[in-house]
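Chemist: Dropping in upload-v5.txt, which is compact mmCIF, C-alpha atoms:
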# COMPACT_ATOMS: atom_id res chain seq x y z
CA MET A 1 32.48 37.17 18.30
CA ASN A 2 30.02 34.41 17.57
CA HIS A 3 30.17 31.56 15.15
CA TYR A 4 27.50 31.64 12.44
CA GLU A 5 26.51 29.76 9.35
CA THR A 6 24.38 31.13 6.52
CA VAL A 7 22.73 29.24 3.69
CA PHE A 8 21.19 31.28 0.90
CA ILE A 9 19.45 30.35 -2.33
CA LEU A 10 20.06 32.40 -5.45
CA ASN A 11 17.62 32.80 -8.30
CA PRO A 12 18.25 30.11 -10.96
CA VAL A 13 17.85 32.54 -13.87
CA LEU A 14 21.10 34.33 -13.01
CA SER A 15 24.17 33.89 -15.17
CA GLU A 16 27.38 32.48 -13.76
CA ASP A 17 29.01 35.91 -13.58
CA GLN A 18 26.04 37.38 -11.74
CA ILE A 19 26.20 34.57 -9.20
CA LYS A 20 29.89 35.06 -8.60
CA GLU A 21 29.35 38.79 -8.24
CA THR A 22 26.51 38.31 -5.75
CA VAL A 23 28.43 35.83 -3.62
CA LYS A 24 31.43 38.13 -3.65
CA LYS A 25 29.27 41.10 -2.64
CA TYR A 26 28.05 39.33 0.51
CA GLU A 27 31.47 38.01 1.35
CA GLU A 28 32.89 41.52 1.15
CA LEU A 29 29.98 42.86 3.18
CA LEU A 30 30.77 40.39 5.95
CA ILE A 31 34.48 41.11 5.84
CA SER A 32 33.80 44.86 5.99
CA LYS A 33 31.83 44.19 9.21
CA GLY A 34 34.88 42.52 10.69
CA ALA A 35 33.94 38.91 9.94
CA LYS A 36 36.46 36.13 9.64
CA MET A 37 35.39 33.72 6.90
CA ILE A 38 35.95 30.11 7.87
CA SER A 39 34.56 28.36 4.84
CA LYS A 40 32.55 28.92 1.71
CA GLU A 41 30.66 26.19 -0.04
CA ASN A 42 28.95 26.15 -3.37
CA TRP A 43 26.36 23.40 -3.66
CA GLY A 44 25.51 24.39 -7.22
CA LEU A 45 22.09 24.22 -8.82
CA LYS A 46 19.81 22.12 -6.66
CA LYS A 47 16.21 21.11 -7.04
CA LEU A 48 13.96 22.69 -4.40
CA ALA A 49 11.61 20.52 -2.37
CA TYR A 50 8.80 22.96 -3.23
CA ALA A 51 8.48 25.94 -5.56
CA ILE A 52 9.71 29.33 -4.32
CA GLN A 53 8.64 32.33 -6.44
CA HIS A 54 7.40 29.80 -9.03
CA LYS A 55 10.91 28.41 -9.43
CA LYS A 56 11.76 24.79 -8.85
CA SER A 57 15.53 25.07 -8.49
CA GLY A 58 18.12 27.42 -7.10
CA PHE A 59 21.83 27.97 -6.52
CA TYR A 60 22.74 27.08 -2.94
CA HIS A 61 25.66 28.73 -1.17
CA LEU A 62 26.92 28.23 2.37
CA PHE A 63 29.09 30.61 4.41
CA GLU A 64 30.64 29.86 7.77
CA TYR A 65 32.19 32.72 9.69
CA THR A 66 32.73 34.39 13.02
CA VAL A 67 31.40 37.92 13.47
CA GLU A 68 29.79 40.23 16.01
CA GLY A 69 26.04 39.73 16.28
CA ASP A 70 25.18 43.20 14.93
CA ALA A 71 26.52 42.30 11.50
CA ILE A 72 23.84 39.62 11.08
CA ASN A 73 21.11 42.27 11.03
CA ALA A 74 22.94 44.18 8.32
CA LEU A 75 23.49 41.01 6.29
CA GLU A 76 19.88 39.88 6.53
CA LEU A 77 18.64 43.36 5.67
CA GLU A 78 20.70 43.20 2.47
CA PHE A 79 19.35 39.72 1.75
CA ARG A 80 15.79 40.95 2.06
CA ARG A 81 16.41 43.89 -0.24
CA ASP A 82 18.11 41.77 -2.87
CA GLU A 83 15.73 40.11 -5.31
CA ARG A 84 18.43 37.71 -6.48
CA ILE A 85 18.22 35.99 -3.07
CA MET A 86 15.19 33.72 -2.90
CA ARG A 87 15.71 32.37 0.62
CA TYR A 88 18.29 32.60 3.39
CA LEU A 89 18.89 31.02 6.77
CA THR A 90 21.42 32.12 9.37
CA VAL A 91 22.15 29.86 12.31
CA ALA A 92 24.39 30.42 15.30
CA LEU A 93 26.62 27.41 15.89
CA ASP A 94 27.28 25.95 19.32
CA LYS A 95 30.36 23.91 20.19
CA HIS A 96 28.91 20.63 18.94
CA ALA A 97 27.85 22.27 15.69
CA ILE A 98 31.34 23.72 15.18
CA ALA A 99 32.87 20.29 15.71
CA TRP A 100 30.42 18.77 13.26
CA ALA A 101 31.03 21.53 10.66
CA GLU A 102 34.76 20.86 10.84
CA LYS A 103 34.26 17.12 10.46
CA ARG A 104 31.93 17.67 7.54
CA ARG A 105 34.45 19.96 5.85
CA ASN A 106 37.22 17.41 6.15
CA ARG A 107 34.97 14.69 4.80
CA ASN A 108 33.98 16.84 1.82
CA LYS A 109 37.60 17.64 1.16
CA LYS A 110 38.42 13.96 1.07
CA THR A 111 35.66 13.08 -1.38
CA ALA A 112 36.30 16.11 -3.57
CA MET B 1 -16.44 -43.13 6.38
CA SER B 2 -13.54 -45.33 7.19
CA ASN B 3 -11.39 -43.04 5.13
CA ILE B 4 -12.20 -40.07 7.33
CA GLU B 5 -11.62 -42.13 10.40
CA GLN B 6 -8.27 -43.19 9.11
CA GLN B 7 -7.37 -39.64 8.38
CA ALA B 8 -8.40 -38.50 11.84
CA LYS B 9 -6.41 -41.29 13.36
CA GLY B 10 -3.41 -40.54 11.21
CA LYS B 11 -3.56 -36.92 12.26
CA LYS B 12 -3.54 -37.89 15.87
CA ASP B 13 -0.51 -40.06 15.34
CA GLY B 14 1.34 -37.35 13.50
CA GLU B 15 0.43 -34.65 16.00
CA ILE B 16 3.41 -33.33 17.90
CA ARG B 17 2.84 -32.79 21.57
CA TYR B 18 5.25 -30.72 23.54
CA LEU B 19 6.02 -31.39 27.14
CA THR B 20 7.51 -27.94 27.68
CA PRO B 21 5.90 -24.84 26.20
CA LEU B 22 7.46 -23.55 23.00
CA ASN B 23 9.86 -20.69 23.37
CA ILE B 24 8.15 -18.01 21.30
CA GLU B 25 9.52 -14.47 21.51
CA THR B 26 6.67 -12.17 22.36
CA ALA B 27 8.70 -9.22 23.67
CA LYS B 28 9.26 -6.60 20.97
CA ALA B 29 12.75 -5.21 20.36
CA LYS B 30 13.43 -2.37 22.77
CA LYS B 31 13.48 1.05 21.11
CA TYR B 32 16.50 3.20 21.64
CA CYS B 33 17.63 6.73 20.94
CA MET B 34 19.94 6.48 17.97
CA PHE B 35 21.65 9.76 18.84
CA GLN B 36 22.66 8.62 22.28
CA LYS B 37 23.62 5.19 21.00
CA SER B 38 25.85 6.42 18.19
CA GLY B 39 27.07 9.54 20.02
CA ILE B 40 25.73 12.19 17.65
CA LYS B 41 25.80 15.57 19.39
CA TYR B 42 24.47 17.87 16.68
CA VAL B 43 21.54 17.27 14.33
CA ASP B 44 22.45 18.83 11.01
CA TYR B 45 19.61 20.48 9.08
CA LYS B 46 21.68 20.36 5.88
CA ASP B 47 21.60 16.57 5.75
CA ALA B 48 18.09 16.01 4.40
CA ASP B 49 18.64 12.32 3.63
CA PHE B 50 19.38 11.65 7.28
CA LEU B 51 16.37 13.60 8.51
CA MET B 52 14.14 11.52 6.21
CA ARG B 53 14.14 8.82 8.92
CA PHE B 54 12.24 11.10 11.25
CA ILE B 55 9.36 12.06 8.97
CA ASN B 56 6.49 10.07 7.53
CA GLU B 57 5.52 9.93 3.88
CA GLN B 58 3.52 13.11 4.17
CA GLY B 59 6.56 14.96 5.45
CA LYS B 60 5.32 15.15 9.05
CA ILE B 61 7.71 14.76 11.96
CA LEU B 62 7.29 11.34 13.56
CA PRO B 63 6.54 11.19 17.30
CA ARG B 64 9.04 9.94 19.83
CA ARG B 65 6.91 6.94 20.64
CA LEU B 66 7.58 5.62 17.13
CA THR B 67 11.22 6.54 16.63
CA GLY B 68 12.41 6.01 20.20
CA THR B 69 14.40 9.26 20.17
CA SER B 70 15.06 10.78 23.59
CA LEU B 71 13.37 14.07 24.42
CA LYS B 72 16.60 16.03 24.23
CA TYR B 73 17.28 14.92 20.68
CA GLN B 74 13.66 14.96 19.56
CA ARG B 75 13.67 18.72 20.14
CA LYS B 76 16.81 19.04 18.05
CA VAL B 77 15.40 16.84 15.31
CA ALA B 78 12.24 18.97 15.20
CA VAL B 79 14.25 22.18 14.87
CA ALA B 80 16.50 20.64 12.20
CA VAL B 81 13.54 19.42 10.14
CA LYS B 82 11.93 22.86 10.35
CA ARG B 83 15.14 24.54 9.22
CA ALA B 84 15.54 22.08 6.36
CA ARG B 85 11.99 22.89 5.29
CA HIS B 86 12.69 26.61 5.30
CA ILE B 87 15.60 26.31 2.88
CA ALA B 88 13.61 23.91 0.67
CA LEU B 89 15.73 20.84 1.35
CA MET B 90 12.62 19.11 2.65
CA PRO B 91 8.96 19.64 1.76
CA TYR B 92 6.40 21.17 4.12
CA VAL B 93 3.72 18.96 2.60
CA ALA B 94 4.27 15.91 0.47
CA ASP B 95 2.60 12.79 -0.75
CA LEU B 96 4.24 9.40 -1.19
CA LEU B 97 7.60 10.68 -0.04
CA LYS B 98 8.91 7.20 0.65
Please, can you express the file's structure as structure tokens?
Modeler:
Amino acid sequence: MNHYETVFILNPVLSEDQIKETVKKYEELLISKGAKMISKENWGLKKLAYAIQHKKSGFYHLFEYTVEGDAINALELEFRRDERIMRYLTVALDKHAIAWAEKRRNRNKKTA
Amino acid sequence: MSNIEQQAKGKKDGEIRYLTPLNIETAKAKKYCMFQKSGIKYVDYKDADFLMRFINEQGKILPRRLTGTSLKYQRKVAVAVKRARHIALMPYVADLLK
């Protein structure tokens, strides 16, 4: 089991229900692959630094989880097939990154 | 004429002459690696505001010789900036970013 983190950007034209449904779909996909979700973050509608598919904003979501490496291929394949996903990035976390992610989570909890 | 002479004389009187050379700092402040100094172990690509320190106004990554970052962390900064660019938190090309 490895520790991973995925950021993905959803199309800004989606309705709130569609967003929830999409996020849920990927969460369930991960869980069905044996993933253990550690945190989910919704950054909301953010302005992009440059236009992607002629759109200047997008809904950012962040997942942190532990899963076997094979599941990442399946997840990214689904991301590529899904036109609601404009961009995604999956990163494996090392021990320093895990420590930082935990610190960041606690800090966000405090401010929220 | 006398006026100029007076002025010249006055200047000489007012001139300060130092017996010991003035202590002027010519050595520039030593650069340091801010990651090693503040004990940061992981460079987060999600924190675009922080990474702004390591790029110029065109969005290019600044060299080590300007920022003073150690090689170990410069590699991490470069990777983090590239990741931030991919998820559109930072621009690939920009103008007047700062």
Chemist: What separation in Å, quoted to one decimal, exists between CA of Thr111 (chain A) and CA of Arg53 (chain B)?
Modeler: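 Atom-to-atom, CA of Thr111 (chain A) to CA of Arg53 (chain B), that is 24.2 Å.
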Chemist: Can you pull out the residues contacting Ile72 (chain A)? Cut-off 12 Å, using all atoms listed in the file, and skip same-chain residues under 5 positions away; I want them as an MDAnalysis selection string.
Modeler: chainID A and resid 1:6 26 29:31 33:35 65:67 77:79 88:92
Chemist: What is the CA of Thr69 (chain B)-CA of Lys37 (chain B) distance in Å, reported with one decimal?
Modeler: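 Going from CA of Thr69 (chain B) over to CA of Lys37 (chain B), I get 10.1 Å.
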Chemist: Mind listing as a PDB file with C-alpha atoms, in the frame of the given file which residues of chain B are within 8 Å of chain A, counting all atoms listed in the file?
Modeler:
ATOM      1  CA  LYS B  41      25.800  15.570  19.390  1.00  0.00           C
ATOM      2  CA  TYR B  42      24.470  17.870  16.680  1.00  0.00           C
ATOM      3  CA  ASP B  44      22.450  18.830  11.010  1.00  0.00           C
ATOM      4  CA  ARG B  83      15.140  24.540   9.220  1.00  0.00           C
ATOM      5  CA  HIS B  86      12.690  26.610   5.300  1.00  0.00           C
ATOM      6  CA  ILE B  87      15.600  26.310   2.880  1.00  0.00           C
ATOM      7  CA  ALA B  88      13.610  23.910   0.670  1.00  0.00           C
ATOM      8  CA  LEU B  89      15.730  20.840   1.350  1.00  0.00           C
ATOM      9  CA  MET B  90      12.620  19.110   2.650  1.00  0.00           C
ATOM     10  CA  PRO B  91       8.960  19.640   1.760  1.00  0.00           C
ATOM     11  CA  TYR B  92       6.400  21.170   4.120  1.00  0.00           C
TER      12      TYR B  92
END
Chemist: Got a sec to check which residues sit within 10 Å of (15.9, 33.7, -14.4), counting all atoms listed in the file, and write them as a PyMOL selection string?
Modeler: chain A and resi 10-15+55+58+84
Chemist: What's around Phe54 (chain B) at 10 Å? Count only C-alpha atoms, leave out sequence neighbours fewer than 2 positions away in its own chain, and write the answer as a list in words.
Modeler: Phe50, Leu51, Met52, Asn56, Gly59, Lys60, Ile61, Leu62, Pro63, Arg64, Leu66, Thr67, Thr69, Gln74, Val77, Ala78 and Val81 of chain B
Chemist: Mind dumping the selected residues with C-alpha atoms as a PDB file, in the coordinates of the input?
Modeler:
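Below is the file again19.pdb, written as the result:
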ATOM      1  CA  PHE B  50      19.380  11.650   7.280  1.00  0.00           C
ATOM      2  CA  LEU B  51      16.370  13.600   8.510  1.00  0.00           C
ATOM      3  CA  MET B  52      14.140  11.520   6.210  1.00  0.00           C
ATOM      4  CA  ASN B  56       6.490  10.070   7.530  1.00  0.00           C
ATOM      5  CA  GLY B  59       6.560  14.960   5.450  1.00  0.00           C
ATOM      6  CA  LYS B  60       5.320  15.150   9.050  1.00  0.00           C
ATOM      7  CA  ILE B  61       7.710  14.760  11.960  1.00  0.00           C
ATOM      8  CA  LEU B  62       7.290  11.340  13.560  1.00  0.00           C
ATOM      9  CA  PRO B  63       6.540  11.190  17.300  1.00  0.00           C
ATOM     10  CA  ARG B  64       9.040   9.940  19.830  1.00  0.00           C
ATOM     11  CA  LEU B  66       7.580   5.620  17.130  1.00  0.00           C
ATOM     12  CA  THR B  67      11.220   6.540  16.630  1.00  0.00           C
ATOM     13  CA  THR B  69      14.400   9.260  20.170  1.00  0.00           C
ATOM     14  CA  GLN B  74      13.660  14.960  19.560  1.00  0.00           C
ATOM     15  CA  VAL B  77      15.400  16.840  15.310  1.00  0.00           C
ATOM     16  CA  ALA B  78      12.240  18.970  15.200  1.00  0.00           C
ATOM     17  CA  VAL B  81      13.540  19.420  10.140  1.00  0.00           C
TER      18      VAL B  81
END
Chemist: What is the distance between CA of Ala48 (chain B) and CA of Glu27 (chain A), in Å to one decimal?
Modeler: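 Going from CA of Ala48 (chain B) over to CA of Glu27 (chain A), I get 25.9 Å.
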Chemist: Which residues are near Asn42 (chain A)? Cut-off 10 Å, all atoms listed in the file, ignore same chain within fewer than 6 positions. Put them as a PyMOL selection string.
Modeler: chain A and resi 7+23+59-63
Chemist: Centre and edge lengths of an axis-aligned box around all listed atoms of region 62-66 of chain B, with 8 Å added on each side, are to be given in Å to one decimal, as JSON.
Modeler:
{"center_x": 7.8, "center_y": 8.5, "center_z": 17.1, "size_x": 18.5, "size_y": 21.7, "size_z": 23.1}
Chemist: For Met37 (chain A), which residue among A:Asp17, A:Asp70, A:Glu64, A:Glu102 is the nearest when counting only C-alpha atoms?
Modeler: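 Using only C-alpha atoms, the shortest distance to Met37 (chain A) belongs to A:Glu64.
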Chemist: Is there a way to complete region 58-84 of chain A with N, CA and C atoms and then write that out as a PDB file, keeping the file's coordinate frame?
Modeler:
ATOM      1  N   GLY A  58      17.393  26.233  -7.538  1.00  0.00           N
ATOM      2  CA  GLY A  58      18.120  27.420  -7.100  1.00  0.00           C
ATOM      3  C   GLY A  58      19.571  27.096  -6.835  1.00  0.00           C
ATOM      4  N   PHE A  59      20.408  28.148  -6.816  1.00  0.00           N
ATOM      5  CA  PHE A  59      21.830  27.970  -6.520  1.00  0.00           C
ATOM      6  C   PHE A  59      22.026  28.111  -5.020  1.00  0.00           C
ATOM      7  N   TYR A  60      22.527  27.051  -4.387  1.00  0.00           N
ATOM      8  CA  TYR A  60      22.740  27.080  -2.940  1.00  0.00           C
ATOM      9  C   TYR A  60      24.178  27.484  -2.630  1.00  0.00           C
ATOM     10  N   HIS A  61      24.318  28.346  -1.652  1.00  0.00           N
ATOM     11  CA  HIS A  61      25.660  28.730  -1.170  1.00  0.00           C
ATOM     12  C   HIS A  61      25.658  28.702   0.352  1.00  0.00           C
ATOM     13  N   LEU A  62      26.797  28.329   0.914  1.00  0.00           N
ATOM     14  CA  LEU A  62      26.920  28.230   2.370  1.00  0.00           C
ATOM     15  C   LEU A  62      28.154  29.002   2.822  1.00  0.00           C
ATOM     16  N   PHE A  63      27.981  29.874   3.802  1.00  0.00           N
ATOM     17  CA  PHE A  63      29.090  30.610   4.410  1.00  0.00           C
ATOM     18  C   PHE A  63      29.202  30.177   5.866  1.00  0.00           C
ATOM     19  N   GLU A  64      30.424  30.043   6.331  1.00  0.00           N
ATOM     20  CA  GLU A  64      30.640  29.860   7.770  1.00  0.00           C
ATOM     21  C   GLU A  64      31.640  30.900   8.206  1.00  0.00           C
ATOM     22  N   TYR A  65      31.342  31.598   9.300  1.00  0.00           N
ATOM     23  CA  TYR A  65      32.190  32.720   9.690  1.00  0.00           C
ATOM     24  C   TYR A  65      31.985  33.061  11.162  1.00  0.00           C
ATOM     25  N   THR A  66      32.913  33.844  11.677  1.00  0.00           N
ATOM     26  CA  THR A  66      32.730  34.390  13.020  1.00  0.00           C
ATOM     27  C   THR A  66      32.597  35.901  12.879  1.00  0.00           C
ATOM     28  N   VAL A  67      31.630  36.482  13.571  1.00  0.00           N
ATOM     29  CA  VAL A  67      31.400  37.920  13.470  1.00  0.00           C
ATOM     30  C   VAL A  67      30.621  38.369  14.703  1.00  0.00           C
ATOM     31  N   GLU A  68      30.622  39.682  14.937  1.00  0.00           N
ATOM     32  CA  GLU A  68      29.790  40.230  16.010  1.00  0.00           C
ATOM     33  C   GLU A  68      28.325  40.127  15.591  1.00  0.00           C
ATOM     34  N   GLY A  69      27.454  39.952  16.567  1.00  0.00           N
ATOM     35  CA  GLY A  69      26.040  39.730  16.280  1.00  0.00           C
ATOM     36  C   GLY A  69      25.362  40.838  15.486  1.00  0.00           C
ATOM     37  N   ASP A  70      25.829  42.094  15.633  1.00  0.00           N
ATOM     38  CA  ASP A  70      25.180  43.200  14.930  1.00  0.00           C
ATOM     39  C   ASP A  70      25.250  43.045  13.423  1.00  0.00           C
ATOM     40  N   ALA A  71      26.319  42.414  12.947  1.00  0.00           N
ATOM     41  CA  ALA A  71      26.520  42.300  11.500  1.00  0.00           C
ATOM     42  C   ALA A  71      25.450  41.433  10.849  1.00  0.00           C
ATOM     43  N   ILE A  72      24.855  40.519  11.647  1.00  0.00           N
ATOM     44  CA  ILE A  72      23.840  39.620  11.080  1.00  0.00           C
ATOM     45  C   ILE A  72      22.628  40.425  10.631  1.00  0.00           C
ATOM     46  N   ASN A  73      22.247  41.423  11.424  1.00  0.00           N
ATOM     47  CA  ASN A  73      21.110  42.270  11.030  1.00  0.00           C
ATOM     48  C   ASN A  73      21.378  42.945   9.702  1.00  0.00           C
ATOM     49  N   ALA A  74      22.583  43.484   9.551  1.00  0.00           N
ATOM     50  CA  ALA A  74      22.940  44.180   8.320  1.00  0.00           C
ATOM     51  C   ALA A  74      22.910  43.210   7.130  1.00  0.00           C
ATOM     52  N   LEU A  75      23.442  42.010   7.365  1.00  0.00           N
ATOM     53  CA  LEU A  75      23.490  41.010   6.290  1.00  0.00           C
ATOM     54  C   LEU A  75      22.082  40.609   5.877  1.00  0.00           C
ATOM     55  N   GLU A  76      21.229  40.348   6.851  1.00  0.00           N
ATOM     56  CA  GLU A  76      19.880  39.880   6.530  1.00  0.00           C
ATOM     57  C   GLU A  76      19.054  40.997   5.887  1.00  0.00           C
ATOM     58  N   LEU A  77      19.329  42.236   6.301  1.00  0.00           N
ATOM     59  CA  LEU A  77      18.640  43.360   5.670  1.00  0.00           C
ATOM     60  C   LEU A  77      18.986  43.408   4.181  1.00  0.00           C
ATOM     61  N   GLU A  78      20.271  43.224   3.878  1.00  0.00           N
ATOM     62  CA  GLU A  78      20.700  43.200   2.470  1.00  0.00           C
ATOM     63  C   GLU A  78      20.060  42.039   1.718  1.00  0.00           C
ATOM     64  N   PHE A  79      19.971  40.904   2.366  1.00  0.00           N
ATOM     65  CA  PHE A  79      19.350  39.720   1.750  1.00  0.00           C
ATOM     66  C   PHE A  79      17.907  40.017   1.384  1.00  0.00           C
ATOM     67  N   ARG A  80      17.210  40.681   2.291  1.00  0.00           N
ATOM     68  CA  ARG A  80      15.790  40.950   2.060  1.00  0.00           C
ATOM     69  C   ARG A  80      15.593  41.942   0.936  1.00  0.00           C
ATOM     70  N   ARG A  81      16.541  42.884   0.810  1.00  0.00           N
ATOM     71  CA  ARG A  81      16.410  43.890  -0.240  1.00  0.00           C
ATOM     72  C   ARG A  81      16.778  43.344  -1.604  1.00  0.00           C
ATOM     73  N   ASP A  82      17.542  42.287  -1.623  1.00  0.00           N
ATOM     74  CA  ASP A  82      18.110  41.770  -2.870  1.00  0.00           C
ATOM     75  C   ASP A  82      17.144  40.760  -3.492  1.00  0.00           C
ATOM     76  N   GLU A  83      16.683  41.049  -4.705  1.00  0.00           N
ATOM     77  CA  GLU A  83      15.730  40.110  -5.310  1.00  0.00           C
ATOM     78  C   GLU A  83      16.409  38.885  -5.909  1.00  0.00           C
ATOM     79  N   ARG A  84      17.727  38.900  -5.981  1.00  0.00           N
ATOM     80  CA  ARG A  84      18.430  37.710  -6.480  1.00  0.00           C
ATOM     81  C   ARG A  84      18.424  36.591  -5.435  1.00  0.00           C
TER      82      ARG A  84
END
